[in-house]
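For reference, the structure is listed below as structure tokens.
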Amino acid sequence: MADADEIREQVRAFILEQFLRGEDPESLADDTKLASGGILTSIDNIKLVAFLEDTYGIAIEAHEVIGGPLDTVTDIVATVTGKLAAR
Amino acid sequence: MSKVDLRHYVVIVAQLALLCAAIHLLEIEQGGGLPRIAWLVLGGFAVHALLPHAAKAPFFLALSIGGLFAVIGLDALWLLGLGLGLFGLCHLPLNLTARALLVVLAGVGLLLLRAGHWQTEWSPRVVPILASMFMFRVILYLQEQRTPDDQTWWQRLSYFFLLPNVCFPLFPIVDYARYKRSYFARPAAQVYLKGVHWMARGVLHLLLYRVVYHWMLPASWEVTDATSLLLFIVSGYALYLRISGQFHLIVGVLCLFGWDLPETHRNYFLASSFNDYWRRVNIYWKDFIEKVVFYPVFLRVRRWKVPQPLVVAILLTFAATWLLHSYQWYWLRGHFPITLPDVLFWGILGAAVAANSVLETRRQRARRAAGEGFDLRAAVIRAVQTVAMFCFLALLWSMWSGETVGEWVQLMTMLGEGSRGLLYLAAFVGLALAGGVAAQYLGTLPAVQRWRQRTDPGRNPGATLALSLALFGFGVLPQTGGAPARLAEALEVLTHERLNEQDQLAQVRGYYETLLTRQSLVGELWRAEVEMPADWKNIAESPFHKPIAGQVGYTLHPSMEGTLKRAAFTTNRHGLRDQDYAKEKPAGTYRIALMGSSYSMGSGVADDEVYEALVEERLNREYAGGRYKRYEILNFAIGGYTHAHQVALYAQTVRTFEPDAVFLADHTSEGARVALHFSKRPNLILDHPNPVVRDIGEHAGLFRGIGEQQASAMLEPYHGALTVALFEQLARATAEDGVKLVWLYVPLTRDDLTKRDEVLVKRKQMARDAGMILLSLEDAYGGRSQADLAVAPWDEHPRPEAMQLLADGLMEELLRADEELQMGLTR
């Protein structure tokens with residue numbers, strides 16, 4: 001099972017590759033607001049959800065998609081590790 | 001975070017004071033009561049901003065409740081009671097599902113109330129306004145109850161009874177989670193500055209809307225060629241400024257009280273793709289639908305391994321949008337529309353967004369880094385996409401706003417009429433493309449970027465102050481007088497809330513659905529339906545209505561008693577809304593036959609309050625027993641009748657009553673009404689007994705089976721000719737019978753006095769040329785406002801006091817014209 005740091009790196013890599021191509025990686029902080037900050041559209045959100053579900057074998061609930069559990073890298077890591085631990 | 005320094009406080013209060021004065025002077029959203037609560041917003045903000053944080057929420061709730069009373073009076077008690085009941089259901093000590101079910105049940109009860117199944121003590125507007133507060137927000141509120149809620153009871157209640165909501169039944173769907181997160185999320189001054197700026201922007205949008213509504217949007221009968229069609233399409237789309245203006249105002253007010261909410265619309269006319277459009281227009285609706293429908297559906301269908309889960313989710317989302325739009329429509333307008341234009345609009349948009357989204361998922365999103373130079377190729381592509389989107393959406397919007405798809409298709413055939421329209425289209429597209437590329441280039445210039453930052457209202461309140469001052473100045477300008485006549489006329493239109501000609505016509509004939517506003521909550525007339533009781537019916541929808549064959553088309557059932565628009569309505573044995581009369585005129589009687597439409601029929605007032613009944617009573621009280629033993633005024637007027645009906649009615653019925661004089665009631669809108677009547681039934685003009693009228697129909701190019709829109713456009717140049725033909729026909733018929741023919745001008749309560757006189761002069765001349773005796777009640781209302789004359793806010797027909805004014809005016813005219821009429825009133 002991936003640990004939190006590994007998850008963090010994988011998630012950052014995915015976001016930078018898919019949504020922030022060409023941007024300075026330093027611009028993506030762990031507390032950068034993704035959906036609520038307008039960086040991710042609804043299509044991006046579902047790409048992110050698909051990545052998390054397929055990569056970690058977890059189920060994301062609809063109410064977790066918007067502003068909260070998936071809004072920052074830190075939130076995403078916490079959500080994923082929490083769901084993995086609960087399995 | 002919720003404290004503001006003195007400098008910002010003074011600046012914001014000054015800006016707000018100017019804006020509130022502008023809202024009052026310009027009658028912004030007056031129909032909804034906004035000028036009344038604008039002062040509440042100003043005073044409330046001035047106090048609220050200085051309160052300690054803990055006191056702000058209860059104060060705002062109190063202010064919101066005060067706003068309810070200010071706008072709807074004591075009905076607010078009912079609204080609060082029902083609202084608190086719904087709120088209470090959300091907090092019963094039951095599981096969430098049970099609470100949701102109870103809310104649904106309560107909703108069904110309110111639904112039946114909206115449909116008018118039960119009579120209530122409160123006015124009809126209570127349920128629509130209550131629904132606008134709860135119909136969507138209760139869904140989001142209950143969703144959030146799954147997680148701990150740290151909001152105070154004041155904040156929770158305020159979420160539903162938000163201050164501006166009472167003025168705006170069409171209200172942005174504020175998400176409860178965002179509502180909680182956004183409360184003083186940034187320093188107060190920044191939030192307040194944003195709020196007042198958005199309010200100013202909202203007022204500007206609403207003024208621009210008036211420009212489009214009064215001066216750009218052609219009436220449906222004026223769409224006669226490609227040029228007018230293109231103007232109709234573009235300006236019809238531009239009417240959306242009303243929604244964006246209202247929403248900017250609403251969210252601006254909420255920002256003033258601490259909620260740092262995002263914008264509701266973002267340059268939606270500049271969308272460059274379907275997804276871009278979906279993300280720019282009514283953003284709160286998009287967020288709501290995504291949260292409540294799109295994400296749950298997508299995640300489910302994905303887990304079920306349904307092919308193309310994204311496409312399925314998007315199509316279902318748009319189906320839900322269509323249904324929820326109709327659900328909203330039901331609460332606000334009282335009926336649930338299921339129409340082909342609606343299905344097509346949401347279906348096409350949904351399919352386009354689905355296709356666009358599939359492309360997006362397959363493409364890597366390239367973001368332009370800040371500081372990148374101007375790329376001409378990319379700018380041209382972007383400009384082409386934006387112009388193409390604008391044109392497509394304007395076209396789609398025109399289809400959605402039409403009454404039927406068939407009618408819309410007929411309208412589009414005007415594209416083939418006249419060659420100039422396509423030239424104008426090409427010029428518009430060319431200019432838009434060039435402008436789009438130039439704007440993108442300018443946006444990359446450092447000087448422009450610095451200017452944008454300097455004028456950012458969050459950093460520099462000067463821009464908002466300038467805009468507020470300009471709006472205030474614009475509102476004050478008409479009061480100063482001395483403007484040239486044309487400018488004064490223009491200002492009169494822009495600075496007052498009033499209907500354009502087409503909507504005035506629609507309201508008089510009783511149809512609240514015009515070619516433009518059929519499917520739209522953008523138009524002017526739907527607001528009246530919020531307050532209109534479910535049992536407020538026109539004569540055509542009442543049990544009194546009796547269809548008959550021929551040119552007359554319909555009459556009234558004889559010997560019926562009942563109510564119409566909640567006023568006593570009785571018909572005599574001859575099917576007239578009047579007391580009983582013998583068919584044969586008694587000896588020594590002066591008999592007048594009054595022919596007219598709903599104003600003369602007395603739509604909305606009781607039997608003895610109609611102006612002709614008042615005049616008849618006074619004639620017999622003061623003048624009977626002189627030259628004539630008795631005076632009779634037989635009221636042949638029926639709502640919806642035009643001169644076309646009345647001319648046929650004279651030949652068929654009126655002459656058999658042997659009147660001494662026939663009074664033909666006329667309005668300024670009558671020319672257009674006659675044309676619309678024939679447009680709906682073109683065979684009536686083609687088979688008309690009057691050869692002159694038949695010739696007009698043939699000359700205009702009408703044919704059997706022609707659609708209403710096309711017929712209306714063809715008859716547009718012939719309004720005057722039709723009136724002349726019908727006047728002359730009636731004059732010949734009455735002359736043959738030895739009956740005096742009188743033209744009686746009855747003013748509409750909504751007559752735009754600046755335009756009326758021009759039309760009145762023409763109609764008087766037509767009547768004079770036909771040999772009629774002229775009586776005019778043009779000054780009867782004595783300059784009173786429509787609000788003081790109309791029987792209800794949703795019905796412009798004269799109330800009893802206005803009927804008395806008409807009666808007094810008619811008596812004066814009868815005395816003045818007694819020598820011509822030979823009624824024996826003057827000795």
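In the structure tokens, the first chain shown is A, the next is B, and so on; residue numbers restart at 1 for each chain, and ligands run from 1 in the order shown.
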With only C-alpha atoms as the counted atoms, please give the residues lying no more than 7 Å from region 290-301 of chain B, apart from itself and same-chain residues fewer than 2 positions off, as a PyMOL selection string. (chain A and resi 62) or (chain B and resi 286-288+303-306+309-310+313-314+317)
Taking C-alpha atoms for each residue, export the selection above as a short mmCIF file (atom, residue, chain, number, x, y, z; two decimals), in the first residue's frame.
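Written output follows (out.cif):
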data_model
loop_
_atom_site.label_atom_id
_atom_site.label_comp_id
_atom_site.auth_asym_id
_atom_site.auth_seq_id
_atom_site.Cartn_x
_atom_site.Cartn_y
_atom_site.Cartn_z
CA ALA A 62 -20.25 12.68 -5.23
CA LYS B 286 -24.13 25.03 -13.28
CA ASP B 287 -22.56 24.37 -9.87
CA PHE B 288 -25.89 23.26 -8.44
CA ARG B 303 -19.07 2.11 -11.50
CA TRP B 304 -21.78 0.26 -13.36
CA LYS B 305 -19.40 0.14 -16.31
CA VAL B 306 -21.91 1.89 -18.56
CA PRO B 309 -20.24 7.40 -18.75
CA LEU B 310 -19.31 11.04 -19.36
CA ALA B 313 -23.97 11.78 -17.33
CA ILE B 314 -23.99 15.00 -19.34
CA THR B 317 -27.69 16.35 -16.49
#
Interface rows for chain A against chain B: nearest pair, Å to one decimal, 12 Å, only C-alpha atoms, as CSV:
residue,atom,partner,partner_atom,distance
A:Phe14,CA,B:Gln364,CA,12.0
A:Ile15,CA,B:Arg365,CA,11.2
A:Leu16,CA,B:Arg365,CA,10.8
A:Glu17,CA,B:Gln364,CA,8.6
A:Gln18,CA,B:Gln364,CA,6.3
A:Phe19,CA,B:Arg365,CA,6.0
A:Leu20,CA,B:Arg367,CA,6.7
A:Arg21,CA,B:Ala366,CA,6.3
A:Gly22,CA,B:Arg367,CA,7.1
A:Glu23,CA,B:Ala369,CA,6.7
A:Asp24,CA,B:Ala369,CA,9.2
A:Ser27,CA,B:Ala369,CA,11.4
A:Ala35,CA,B:Asp287,CA,11.1
A:Ser36,CA,B:Arg178,CA,9.4
A:Gly37,CA,B:Pro262,CA,10.5
A:Gly38,CA,B:Pro262,CA,10.7
A:Ile39,CA,B:Arg367,CA,10.3
A:Leu40,CA,B:Arg365,CA,10.6
A:Thr41,CA,B:Arg279,CA,8.5
A:Ser42,CA,B:Glu290,CA,7.8
A:Ile43,CA,B:Ser357,CA,6.9
A:Asp44,CA,B:Thr361,CA,7.9
A:Asn45,CA,B:Tyr295,CA,9.2
A:Ile46,CA,B:Tyr295,CA,7.9
A:Lys47,CA,B:Thr361,CA,7.6
A:Leu48,CA,B:Thr361,CA,11.1
A:Val49,CA,B:Leu299,CA,8.7
A:Ala50,CA,B:Leu299,CA,8.9
A:Glu53,CA,B:Arg303,CA,9.9
A:Asp54,CA,B:Arg303,CA,10.8
A:Gly57,CA,B:Arg303,CA,11.6
A:Ile58,CA,B:Arg303,CA,11.2
A:Ala59,CA,B:Leu299,CA,8.8
A:Ile60,CA,B:Leu299,CA,7.8
A:Glu61,CA,B:Pro296,CA,7.5
A:Ala62,CA,B:Pro296,CA,4.9
A:His63,CA,B:Lys291,CA,7.1
A:Glu64,CA,B:Tyr295,CA,9.6
A:Val65,CA,B:Tyr295,CA,7.5
A:Ile66,CA,B:Lys291,CA,7.3
A:Gly67,CA,B:Ala177,CA,8.4
A:Gly68,CA,B:Ala177,CA,9.4
Can you tell me which residues surround Gly350 (chain B) at a distance of at most 8 Å, considering only C-alpha atoms, apart from same-chain residues fewer than 2 positions away, and format the answer as a PyMOL selection string? chain B and resi 314-315+317-319+346-348+352-354
Could you write those residues out with N, CA and C atoms, as an mmCIF file, in the first residue's frame?
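Saved as part-v8.cif:
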data_model
loop_
_atom_site.group_PDB
_atom_site.id
_atom_site.type_symbol
_atom_site.label_atom_id
_atom_site.label_comp_id
_atom_site.auth_asym_id
_atom_site.auth_seq_id
_atom_site.Cartn_x
_atom_site.Cartn_y
_atom_site.Cartn_z
ATOM 1 N N ILE B 314 -23.688 13.648 -18.850
ATOM 2 C CA ILE B 314 -23.993 15.002 -19.337
ATOM 3 C C ILE B 314 -25.400 15.062 -19.904
ATOM 4 N N LEU B 315 -25.784 14.063 -20.695
ATOM 5 C CA LEU B 315 -27.130 14.086 -21.287
ATOM 6 C C LEU B 315 -28.196 14.029 -20.197
ATOM 7 N N THR B 317 -27.768 15.057 -17.189
ATOM 8 C CA THR B 317 -27.695 16.349 -16.495
ATOM 9 C C THR B 317 -28.539 17.401 -17.206
ATOM 10 N N PHE B 318 -28.464 17.412 -18.516
ATOM 11 C CA PHE B 318 -29.251 18.404 -19.251
ATOM 12 C C PHE B 318 -30.740 18.056 -19.256
ATOM 13 N N ALA B 319 -31.038 16.772 -19.214
ATOM 14 C CA ALA B 319 -32.446 16.391 -19.060
ATOM 15 C C ALA B 319 -32.957 16.893 -17.717
ATOM 16 N N TRP B 346 -32.627 22.380 -24.732
ATOM 17 C CA TRP B 346 -31.771 21.685 -23.776
ATOM 18 C C TRP B 346 -31.123 20.457 -24.395
ATOM 19 N N GLY B 347 -31.837 19.819 -25.323
ATOM 20 C CA GLY B 347 -31.269 18.648 -25.998
ATOM 21 C C GLY B 347 -30.064 19.022 -26.846
ATOM 22 N N ILE B 348 -30.217 20.088 -27.634
ATOM 23 C CA ILE B 348 -29.108 20.507 -28.499
ATOM 24 C C ILE B 348 -27.919 20.979 -27.665
ATOM 25 N N ALA B 352 -24.278 19.197 -27.482
ATOM 26 C CA ALA B 352 -23.088 19.982 -27.829
ATOM 27 C C ALA B 352 -22.073 19.972 -26.693
ATOM 28 N N VAL B 353 -22.549 20.125 -25.464
ATOM 29 C CA VAL B 353 -21.642 20.097 -24.309
ATOM 30 C C VAL B 353 -21.039 18.714 -24.153
ATOM 31 N N ALA B 354 -21.835 17.676 -24.405
ATOM 32 C CA ALA B 354 -21.315 16.303 -24.298
ATOM 33 C C ALA B 354 -20.194 16.088 -25.313
#
From the DSSP assignment of the backbone, select every residue of region 469-693 of chain B that is alpha helix (DSSP H), and format the answer as an MDAnalysis selection string. chainID B and resid 469:480 485:494 501:509 526:531 598:601 611:622 643:652 670:680 682:686 691:693
Limited to C-alpha atoms, could you put the picked residues into a file as a PDB file, in the first residue's frame?
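Final output, selection.pdb:
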ATOM      1  CA  LEU B 469     -21.931  58.800  -9.990  1.00  0.00           C
ATOM      2  CA  ALA B 470     -22.692  58.352 -13.681  1.00  0.00           C
ATOM      3  CA  LEU B 471     -25.758  56.214 -12.932  1.00  0.00           C
ATOM      4  CA  PHE B 472     -26.974  58.724 -10.376  1.00  0.00           C
ATOM      5  CA  GLY B 473     -26.409  61.581 -12.807  1.00  0.00           C
ATOM      6  CA  PHE B 474     -28.322  59.713 -15.468  1.00  0.00           C
ATOM      7  CA  GLY B 475     -31.216  59.269 -13.075  1.00  0.00           C
ATOM      8  CA  VAL B 476     -31.225  62.958 -12.151  1.00  0.00           C
ATOM      9  CA  LEU B 477     -30.992  64.236 -15.744  1.00  0.00           C
ATOM     10  CA  PRO B 478     -34.710  64.073 -16.610  1.00  0.00           C
ATOM     11  CA  GLN B 479     -35.551  65.948 -13.417  1.00  0.00           C
ATOM     12  CA  THR B 480     -33.438  68.922 -14.464  1.00  0.00           C
ATOM     13  CA  ALA B 485     -37.270  67.011 -27.016  1.00  0.00           C
ATOM     14  CA  ARG B 486     -35.824  63.842 -28.551  1.00  0.00           C
ATOM     15  CA  LEU B 487     -33.371  63.378 -25.686  1.00  0.00           C
ATOM     16  CA  ALA B 488     -36.129  63.995 -23.158  1.00  0.00           C
ATOM     17  CA  GLU B 489     -38.238  61.354 -24.883  1.00  0.00           C
ATOM     18  CA  ALA B 490     -35.348  58.900 -24.809  1.00  0.00           C
ATOM     19  CA  LEU B 491     -34.662  59.611 -21.157  1.00  0.00           C
ATOM     20  CA  GLU B 492     -38.338  59.150 -20.338  1.00  0.00           C
ATOM     21  CA  VAL B 493     -38.173  55.628 -21.715  1.00  0.00           C
ATOM     22  CA  LEU B 494     -34.821  54.716 -20.177  1.00  0.00           C
ATOM     23  CA  GLU B 501     -45.446  48.088 -27.515  1.00  0.00           C
ATOM     24  CA  GLN B 502     -45.626  44.347 -28.067  1.00  0.00           C
ATOM     25  CA  ASP B 503     -45.865  43.534 -24.379  1.00  0.00           C
ATOM     26  CA  GLN B 504     -48.468  46.254 -23.848  1.00  0.00           C
ATOM     27  CA  LEU B 505     -50.529  44.671 -26.582  1.00  0.00           C
ATOM     28  CA  ALA B 506     -50.097  41.240 -25.072  1.00  0.00           C
ATOM     29  CA  GLN B 507     -51.271  42.448 -21.710  1.00  0.00           C
ATOM     30  CA  VAL B 508     -54.356  44.191 -23.077  1.00  0.00           C
ATOM     31  CA  ARG B 509     -55.457  41.187 -25.084  1.00  0.00           C
ATOM     32  CA  TRP B 526     -44.062  36.859 -16.347  1.00  0.00           C
ATOM     33  CA  ARG B 527     -43.395  38.730 -13.132  1.00  0.00           C
ATOM     34  CA  ALA B 528     -47.044  39.691 -12.991  1.00  0.00           C
ATOM     35  CA  GLU B 529     -47.956  36.014 -13.025  1.00  0.00           C
ATOM     36  CA  VAL B 530     -46.129  35.532  -9.724  1.00  0.00           C
ATOM     37  CA  GLU B 531     -48.818  37.568  -7.994  1.00  0.00           C
ATOM     38  CA  SER B 598     -62.163  44.474 -22.501  1.00  0.00           C
ATOM     39  CA  TYR B 599     -61.836  48.049 -21.244  1.00  0.00           C
ATOM     40  CA  SER B 600     -65.404  48.845 -22.262  1.00  0.00           C
ATOM     41  CA  MET B 601     -66.656  45.451 -21.137  1.00  0.00           C
ATOM     42  CA  TYR B 611     -67.988  53.373 -17.133  1.00  0.00           C
ATOM     43  CA  GLU B 612     -70.977  52.996 -19.490  1.00  0.00           C
ATOM     44  CA  ALA B 613     -73.197  51.873 -16.595  1.00  0.00           C
ATOM     45  CA  LEU B 614     -72.108  54.912 -14.564  1.00  0.00           C
ATOM     46  CA  VAL B 615     -72.823  57.258 -17.466  1.00  0.00           C
ATOM     47  CA  GLU B 616     -76.192  55.647 -18.132  1.00  0.00           C
ATOM     48  CA  GLU B 617     -77.184  56.015 -14.500  1.00  0.00           C
ATOM     49  CA  ARG B 618     -76.151  59.673 -14.457  1.00  0.00           C
ATOM     50  CA  LEU B 619     -77.923  60.452 -17.731  1.00  0.00           C
ATOM     51  CA  ASN B 620     -81.175  59.042 -16.388  1.00  0.00           C
ATOM     52  CA  ARG B 621     -80.740  60.712 -13.007  1.00  0.00           C
ATOM     53  CA  GLU B 622     -79.969  64.186 -14.356  1.00  0.00           C
ATOM     54  CA  HIS B 643     -62.721  46.585 -34.867  1.00  0.00           C
ATOM     55  CA  ALA B 644     -62.899  43.595 -37.205  1.00  0.00           C
ATOM     56  CA  HIS B 645     -65.212  41.828 -34.730  1.00  0.00           C
ATOM     57  CA  GLN B 646     -67.224  44.978 -34.075  1.00  0.00           C
ATOM     58  CA  VAL B 647     -67.904  45.805 -37.702  1.00  0.00           C
ATOM     59  CA  ALA B 648     -69.241  42.276 -38.214  1.00  0.00           C
ATOM     60  CA  LEU B 649     -71.166  42.492 -34.930  1.00  0.00           C
ATOM     61  CA  TYR B 650     -72.951  45.637 -36.077  1.00  0.00           C
ATOM     62  CA  ALA B 651     -74.186  43.975 -39.248  1.00  0.00           C
ATOM     63  CA  GLN B 652     -75.177  40.768 -37.440  1.00  0.00           C
ATOM     64  CA  GLU B 670     -56.111  48.986 -32.089  1.00  0.00           C
ATOM     65  CA  GLY B 671     -54.346  49.026 -35.470  1.00  0.00           C
ATOM     66  CA  ALA B 672     -51.894  46.349 -34.385  1.00  0.00           C
ATOM     67  CA  ARG B 673     -54.659  44.344 -32.681  1.00  0.00           C
ATOM     68  CA  VAL B 674     -56.692  44.142 -35.868  1.00  0.00           C
ATOM     69  CA  ALA B 675     -53.658  42.993 -37.836  1.00  0.00           C
ATOM     70  CA  LEU B 676     -52.828  40.374 -35.204  1.00  0.00           C
ATOM     71  CA  HIS B 677     -56.416  39.149 -35.290  1.00  0.00           C
ATOM     72  CA  PHE B 678     -56.217  38.590 -39.040  1.00  0.00           C
ATOM     73  CA  SER B 679     -52.714  37.102 -38.737  1.00  0.00           C
ATOM     74  CA  LYS B 680     -54.039  34.360 -36.490  1.00  0.00           C
ATOM     75  CA  PRO B 682     -55.865  34.700 -42.383  1.00  0.00           C
ATOM     76  CA  ASN B 683     -58.988  33.165 -43.965  1.00  0.00           C
ATOM     77  CA  LEU B 684     -61.039  35.859 -42.230  1.00  0.00           C
ATOM     78  CA  ILE B 685     -59.320  38.554 -44.244  1.00  0.00           C
ATOM     79  CA  LEU B 686     -59.330  36.562 -47.482  1.00  0.00           C
ATOM     80  CA  PRO B 691     -63.809  43.893 -50.809  1.00  0.00           C
ATOM     81  CA  VAL B 692     -61.394  46.595 -49.642  1.00  0.00           C
ATOM     82  CA  VAL B 693     -60.306  44.401 -46.718  1.00  0.00           C
TER      83      VAL B 693
END
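Contact shell of region 71-83 of chain A at 6 Å (only C-alpha atoms; same-chain neighbours under 3 positions omitted): A:Arg8, A:Asp30, A:Asp31, A:Thr32, A:Lys33, A:Leu34, A:Ala35, A:Gly67, A:Gly68, A:Ala86.
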